[in-house]
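What follows is structure_23.tsv (TSV, C-alpha atoms).
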chain	number	residue	atom	x	y	z
V	1	MET	CA	23.38	-18.53	-6.11
V	2	THR	CA	20.37	-16.46	-5.02
V	3	ALA	CA	19.12	-13.67	-7.27
V	4	ASP	CA	19.42	-10.10	-6.02
V	5	PRO	CA	16.10	-8.57	-4.96
V	6	THR	CA	14.51	-6.45	-7.67
V	7	LEU	CA	11.57	-4.07	-7.67
V	8	ARG	CA	8.83	-4.86	-10.18
V	9	THR	CA	5.22	-4.09	-10.98
V	10	LEU	CA	2.79	-6.67	-9.65
V	11	ARG	CA	0.72	-8.61	-12.18
V	12	PRO	CA	-2.58	-10.43	-11.68
V	13	ASP	CA	-0.73	-13.75	-11.96
V	14	ASP	CA	1.21	-12.76	-8.81
V	15	ALA	CA	-2.01	-12.79	-6.78
V	16	GLU	CA	-1.61	-16.17	-5.06
V	17	ALA	CA	1.96	-15.36	-3.97
V	18	CYS	CA	0.77	-11.92	-2.83
V	19	ALA	CA	-2.01	-13.42	-0.73
V	20	ALA	CA	0.38	-15.90	0.92
V	21	LEU	CA	2.89	-13.12	1.66
V	22	VAL	CA	0.21	-10.79	3.10
V	23	ARG	CA	-1.16	-13.50	5.38
V	24	SER	CA	2.35	-14.48	6.52
V	25	ALA	CA	3.47	-10.92	7.17
V	26	PHE	CA	0.32	-9.86	9.01
V	27	SER	CA	0.17	-13.03	11.11
V	28	ALA	CA	3.76	-12.38	12.26
V	29	GLN	CA	2.86	-9.02	13.86
V	30	ASP	CA	3.95	-8.87	17.47
V	31	VAL	CA	0.65	-7.25	18.52
V	32	VAL	CA	-2.73	-8.95	18.31
V	33	THR	CA	-5.13	-6.39	16.86
V	34	ASP	CA	-8.76	-5.97	17.81
V	35	PRO	CA	-10.63	-6.37	15.54
V	36	PRO	CA	-8.45	-8.94	13.80
V	37	SER	CA	-6.86	-7.74	10.59
V	38	SER	CA	-8.84	-8.36	7.42
V	39	ALA	CA	-5.45	-8.96	5.75
V	40	LEU	CA	-5.50	-12.45	7.28
V	41	ARG	CA	-8.51	-13.25	5.06
V	42	GLU	CA	-6.93	-12.11	1.78
V	43	THR	CA	-7.10	-14.61	-1.08
V	44	GLY	CA	-5.61	-14.84	-4.51
V	45	ASP	CA	-8.96	-13.72	-5.93
V	46	SER	CA	-9.26	-10.66	-3.68
V	47	LEU	CA	-5.70	-9.53	-4.43
V	48	ARG	CA	-6.00	-10.32	-8.13
V	49	ALA	CA	-8.93	-7.90	-8.22
V	50	TRP	CA	-6.95	-5.24	-6.29
V	51	ILE	CA	-3.93	-5.57	-8.59
V	52	ALA	CA	-6.10	-5.39	-11.71
V	53	ALA	CA	-8.07	-2.37	-10.47
V	54	GLY	CA	-5.35	-0.36	-8.74
V	55	GLY	CA	-1.93	-1.90	-9.04
V	56	GLY	CA	1.08	-2.27	-6.88
V	57	VAL	CA	4.71	-3.13	-6.69
V	58	GLY	CA	6.72	-5.99	-5.30
V	59	ILE	CA	10.28	-6.90	-4.48
V	60	ALA	CA	11.30	-10.37	-5.58
V	61	ALA	CA	14.45	-12.47	-5.54
V	62	GLY	CA	14.08	-14.81	-8.48
V	63	ASP	CA	10.60	-16.30	-8.22
V	64	ARG	CA	10.27	-15.54	-4.48
V	65	LEU	CA	8.18	-12.51	-3.54
V	66	LEU	CA	9.77	-10.81	-0.52
V	67	ALA	CA	7.69	-7.66	-0.14
V	68	LEU	CA	4.75	-5.87	-1.71
V	69	LEU	CA	2.63	-2.74	-1.59
V	70	LEU	CA	-0.77	-2.47	-3.23
V	71	TRP	CA	-2.32	0.86	-4.17
V	72	ALA	CA	-5.43	2.45	-5.61
V	73	GLU	CA	-6.54	5.95	-6.49
V	74	ARG	CA	-8.88	7.05	-3.69
V	75	ASP	CA	-9.96	10.30	-2.08
V	76	GLY	CA	-7.75	12.51	-4.21
V	77	GLY	CA	-4.56	10.55	-3.70
V	78	LEU	CA	-2.83	7.22	-4.00
V	79	TYR	CA	-4.03	4.97	-1.19
V	80	CYS	CA	-1.35	2.54	0.00
V	81	GLY	CA	-2.66	-0.73	1.31
V	82	ARG	CA	-1.34	-4.12	2.30
V	83	LEU	CA	2.29	-3.20	2.77
V	84	ALA	CA	3.78	-6.61	3.54
V	85	VAL	CA	7.36	-7.78	4.02
V	86	ASP	CA	8.30	-11.41	4.50
V	87	PRO	CA	9.25	-11.75	8.19
V	88	ALA	CA	12.60	-13.28	7.19
V	89	ALA	CA	13.36	-10.30	4.90
V	90	ARG	CA	12.61	-7.45	7.31
V	91	GLY	CA	15.17	-4.80	8.14
V	92	ARG	CA	16.53	-4.58	4.59
V	93	GLY	CA	14.81	-1.31	3.56
V	94	PHE	CA	12.12	-2.98	1.46
V	95	ALA	CA	9.22	-1.01	2.99
V	96	ARG	CA	11.06	2.25	2.33
V	97	ALA	CA	11.72	1.23	-1.31
V	98	LEU	CA	8.09	0.27	-1.86
V	99	VAL	CA	6.76	3.54	-0.46
V	100	ALA	CA	9.28	5.47	-2.59
V	101	GLU	CA	7.89	3.68	-5.65
V	102	ALA	CA	4.34	4.55	-4.56
V	103	GLU	CA	5.42	8.18	-4.37
V	104	ARG	CA	6.80	7.96	-7.92
V	105	GLU	CA	3.54	6.36	-9.07
V	106	ALA	CA	1.46	9.10	-7.46
V	107	ARG	CA	3.59	11.74	-9.17
V	108	ARG	CA	3.19	9.92	-12.53
V	109	ARG	CA	-0.58	10.11	-11.98
V	110	SER	CA	-0.35	13.78	-10.89
V	111	LEU	CA	-1.79	12.93	-7.48
V	112	PRO	CA	-0.89	15.31	-4.64
V	113	ARG	CA	-0.59	12.80	-1.81
V	114	LEU	CA	-0.12	9.27	-0.54
V	115	HIS	CA	-2.39	8.07	2.23
V	116	VAL	CA	-2.68	5.01	4.41
V	117	ARG	CA	-4.64	3.73	7.40
V	118	VAL	CA	-2.65	2.20	10.26
V	119	ARG	CA	-3.89	0.47	13.39
V	120	LEU	CA	-3.30	2.60	16.48
V	121	GLN	CA	-2.13	-0.56	18.27
V	122	LEU	CA	0.81	-0.94	15.85
V	123	ALA	CA	3.30	1.58	17.18
V	124	GLY	CA	6.09	0.22	15.00
V	125	ASN	CA	4.04	0.69	11.83
V	126	LEU	CA	3.08	4.21	12.89
V	127	ALA	CA	6.75	5.01	13.51
V	128	LEU	CA	7.74	3.55	10.13
V	129	PHE	CA	5.30	5.74	8.24
V	130	ALA	CA	6.30	8.80	10.28
V	131	SER	CA	9.93	8.14	9.32
V	132	LEU	CA	8.82	8.08	5.68
V	133	GLY	CA	7.27	11.55	5.92
V	134	PHE	CA	3.65	10.67	6.71
V	135	ARG	CA	1.67	12.61	9.30
V	136	GLU	CA	-1.58	11.81	11.05
V	137	ILE	CA	-4.52	13.77	9.66
V	138	ALA	CA	-7.44	11.94	11.30
V	139	ARG	CA	-8.51	8.95	13.32
V	140	ASP	CA	-11.15	6.45	12.34
V	141	VAL	CA	-13.03	3.66	14.05
V	142	HIS	CA	-13.93	0.15	12.99
V	143	ALA	CA	-17.67	-0.52	12.92
V	144	GLY	CA	-18.95	-1.49	16.33
V	145	TYR	CA	-16.05	0.02	18.30
V	146	PRO	CA	-16.61	3.06	20.53
V	147	GLU	CA	-13.08	4.49	20.27
V	148	PRO	CA	-10.76	5.13	17.31
V	149	THR	CA	-8.82	2.09	16.12
V	150	LEU	CA	-7.04	3.57	13.09
V	151	ALA	CA	-4.81	6.52	12.29
V	152	VAL	CA	-5.29	8.06	8.85
V	153	LEU	CA	-1.87	9.20	7.63
V	154	GLU	CA	-0.83	11.17	4.57
V	155	LYS	CA	2.30	12.29	2.83
V	156	ARG	CA	1.85	15.44	0.77
V	157	LEU	CA	3.67	15.48	-2.55
V	158	ASP	CA	2.64	18.94	-3.69
V	159	GLY	CA	4.98	20.97	-1.52
Any chance you could put this one into structure tokens?
Amino acid sequence: MTADPTLRTLRPDDAEACAALVRSAFSAQDVVTDPPSSALRETGDSLRAWIAAGGGVGIAAGDRLLALLLWAERDGGLYCGRLAVDPAARGRGFARALVAEAEREARRRSLPRLHVRVRLQLAGNLALFASLGFREIARDVHAGYPEPTLAVLEKRLDG
């Protein structure tokens, strides 16, 4: 019998599983991004540092990590980074549940907004965040690129 998926706070000892999940989820994107995603270079050490400094939440079934969202306080809000869902577990509402938990965390910290950066090439990701109440507030560019490559999105929590 398989355990039901449960939401839980990520711990530094989850870092290796987090790194494997991030690399798997980002490599399964149906669009090749230019420049390539830095998520593909995440390691246990890099994510251990992120978890220890900022935190995050995961969804696990037993010992198997199915989805995760890392966060950190930045620029007057809770920055959401490395939202990753196991390709075999997509379509089950895990991304929505993780973002809802980020919203609760931001409110616990008395932060007025969530924010995230999404590749302009990833229309599905942009649509997901729009469906979760995010709106585009700016565009940004990767170093060395002449045109914007990223949308900066936010979800206001202060009315």
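Going from CA of Leu10 in chain V to CA of Ala88 in chain V covers 20.6 Å.
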Worksheet, complete the sentence: Of V:Val31, V:Leu153, V:Leu47, V:Leu83, the one nearest to Ala102 in chain V when counting all atoms listed in the file is V:Leu83
Fill in: Option closest in space to Pro12 in chain V, from V:Arg74, V:Arg48, V:Arg113, V:Arg119 [counting only C-alpha atoms]
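Closest residue, counting only C-alpha atoms: V:Arg48.
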Worksheet, complete the sentence: In terms of all atoms listed in the file, the residue from V:Glu101, V:Glu42, V:Glu147, V:Asp63 at minimal distance from Ser27 in chain V is V:Glu42
Item to complete: Using only C-alpha atoms, find the one residue out of V:Arg139, V:Ala97, V:Ser38, V:Phe129 that sits nearest to Pro5 in chain V.
Response: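 Once distances to Pro5 in chain V are computed over only C-alpha atoms, the minimum belongs to V:Ala97.
Distances here use only C-alpha atoms; by that measure, the residue among V:Leu21, V:Leu150, V:Ala84, V:Val141 closest to Leu126 in chain V is V:Leu150.
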Discussion item. Taking 3 positions as the minimum chain separation for residues in the same chain, which residues sit within 12 Å of Arg107 in chain V when counting all atoms listed in the file? Answer as an MDAnalysis selection string.
Written reply: chainID V and resid 73 77:78 100:104 110:114 156:158
Using the selection just defined, write its residues with C-alpha atoms as a PDB file, in the coordinates of the input.
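Generated output (again_11.pdb):
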ATOM      1  CA  GLU V  73      -6.540   5.950  -6.490  1.00  0.00           C
ATOM      2  CA  GLY V  77      -4.560  10.550  -3.700  1.00  0.00           C
ATOM      3  CA  LEU V  78      -2.830   7.220  -4.000  1.00  0.00           C
ATOM      4  CA  ALA V 100       9.280   5.470  -2.590  1.00  0.00           C
ATOM      5  CA  GLU V 101       7.890   3.680  -5.650  1.00  0.00           C
ATOM      6  CA  ALA V 102       4.340   4.550  -4.560  1.00  0.00           C
ATOM      7  CA  GLU V 103       5.420   8.180  -4.370  1.00  0.00           C
ATOM      8  CA  ARG V 104       6.800   7.960  -7.920  1.00  0.00           C
ATOM      9  CA  SER V 110      -0.350  13.780 -10.890  1.00  0.00           C
ATOM     10  CA  LEU V 111      -1.790  12.930  -7.480  1.00  0.00           C
ATOM     11  CA  PRO V 112      -0.890  15.310  -4.640  1.00  0.00           C
ATOM     12  CA  ARG V 113      -0.590  12.800  -1.810  1.00  0.00           C
ATOM     13  CA  LEU V 114      -0.120   9.270  -0.540  1.00  0.00           C
ATOM     14  CA  ARG V 156       1.850  15.440   0.770  1.00  0.00           C
ATOM     15  CA  LEU V 157       3.670  15.480  -2.550  1.00  0.00           C
ATOM     16  CA  ASP V 158       2.640  18.940  -3.690  1.00  0.00           C
TER      17      ASP V 158
END
Worksheet item: By how many Å are CA of Gly62 in chain V and CA of Gly93 in chain V apart?
Response: 18.1 Å
Practice prompt. Have a look at V:Ser46, V:Thr9, V:Asn125, V:Ser131 and name the one nearest to Phe26 in chain V; count only C-alpha atoms.
Written response: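 Checking each candidate against Phe26 in chain V, we get V:Asn125 as the closest.
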Discussion item. What's the separation between CA of Leu66 in chain V and CA of Asp86 in chain V, in Å to one decimal place?
Written reply: 5.3 Å
Pull C-alpha atoms for range 86-116 of chain V from the block and write them as a tab-separated table (two decimals), in the first residue's frame.
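Below is the file decode29.tsv, written as the result:
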chain	number	residue	atom	x	y	z
V	86	ASP	CA	7.81	14.87	-10.41
V	87	PRO	CA	6.74	14.39	-14.05
V	88	ALA	CA	4.82	11.23	-13.08
V	89	ALA	CA	2.90	13.16	-10.37
V	90	ARG	CA	1.77	16.16	-12.42
V	91	GLY	CA	-1.87	17.12	-12.74
V	92	ARG	CA	-2.71	16.29	-9.12
V	93	GLY	CA	-2.83	19.88	-7.76
V	94	PHE	CA	0.56	19.72	-6.06
V	95	ALA	CA	1.82	23.04	-7.48
V	96	ARG	CA	-1.35	24.76	-6.28
V	97	ALA	CA	-0.95	23.25	-2.79
V	98	LEU	CA	2.68	24.31	-2.57
V	99	VAL	CA	1.95	27.89	-3.60
V	100	ALA	CA	-0.93	28.02	-1.09
V	101	GLU	CA	1.54	26.99	1.61
V	102	ALA	CA	3.96	29.69	0.45
V	103	GLU	CA	1.14	32.20	0.81
V	104	ARG	CA	0.50	30.99	4.38
V	105	GLU	CA	4.24	31.27	5.11
V	106	ALA	CA	4.38	34.82	3.76
V	107	ARG	CA	1.42	35.78	5.93
V	108	ARG	CA	3.09	34.18	8.99
V	109	ARG	CA	6.12	36.37	8.25
V	110	SER	CA	3.89	39.44	7.67
V	111	LEU	CA	5.15	39.77	4.11
V	112	PRO	CA	2.81	41.53	1.66
V	113	ARG	CA	3.52	39.49	-1.46
V	114	LEU	CA	4.81	36.38	-3.15
V	115	HIS	CA	7.02	36.79	-6.18
V	116	VAL	CA	8.60	34.54	-8.77
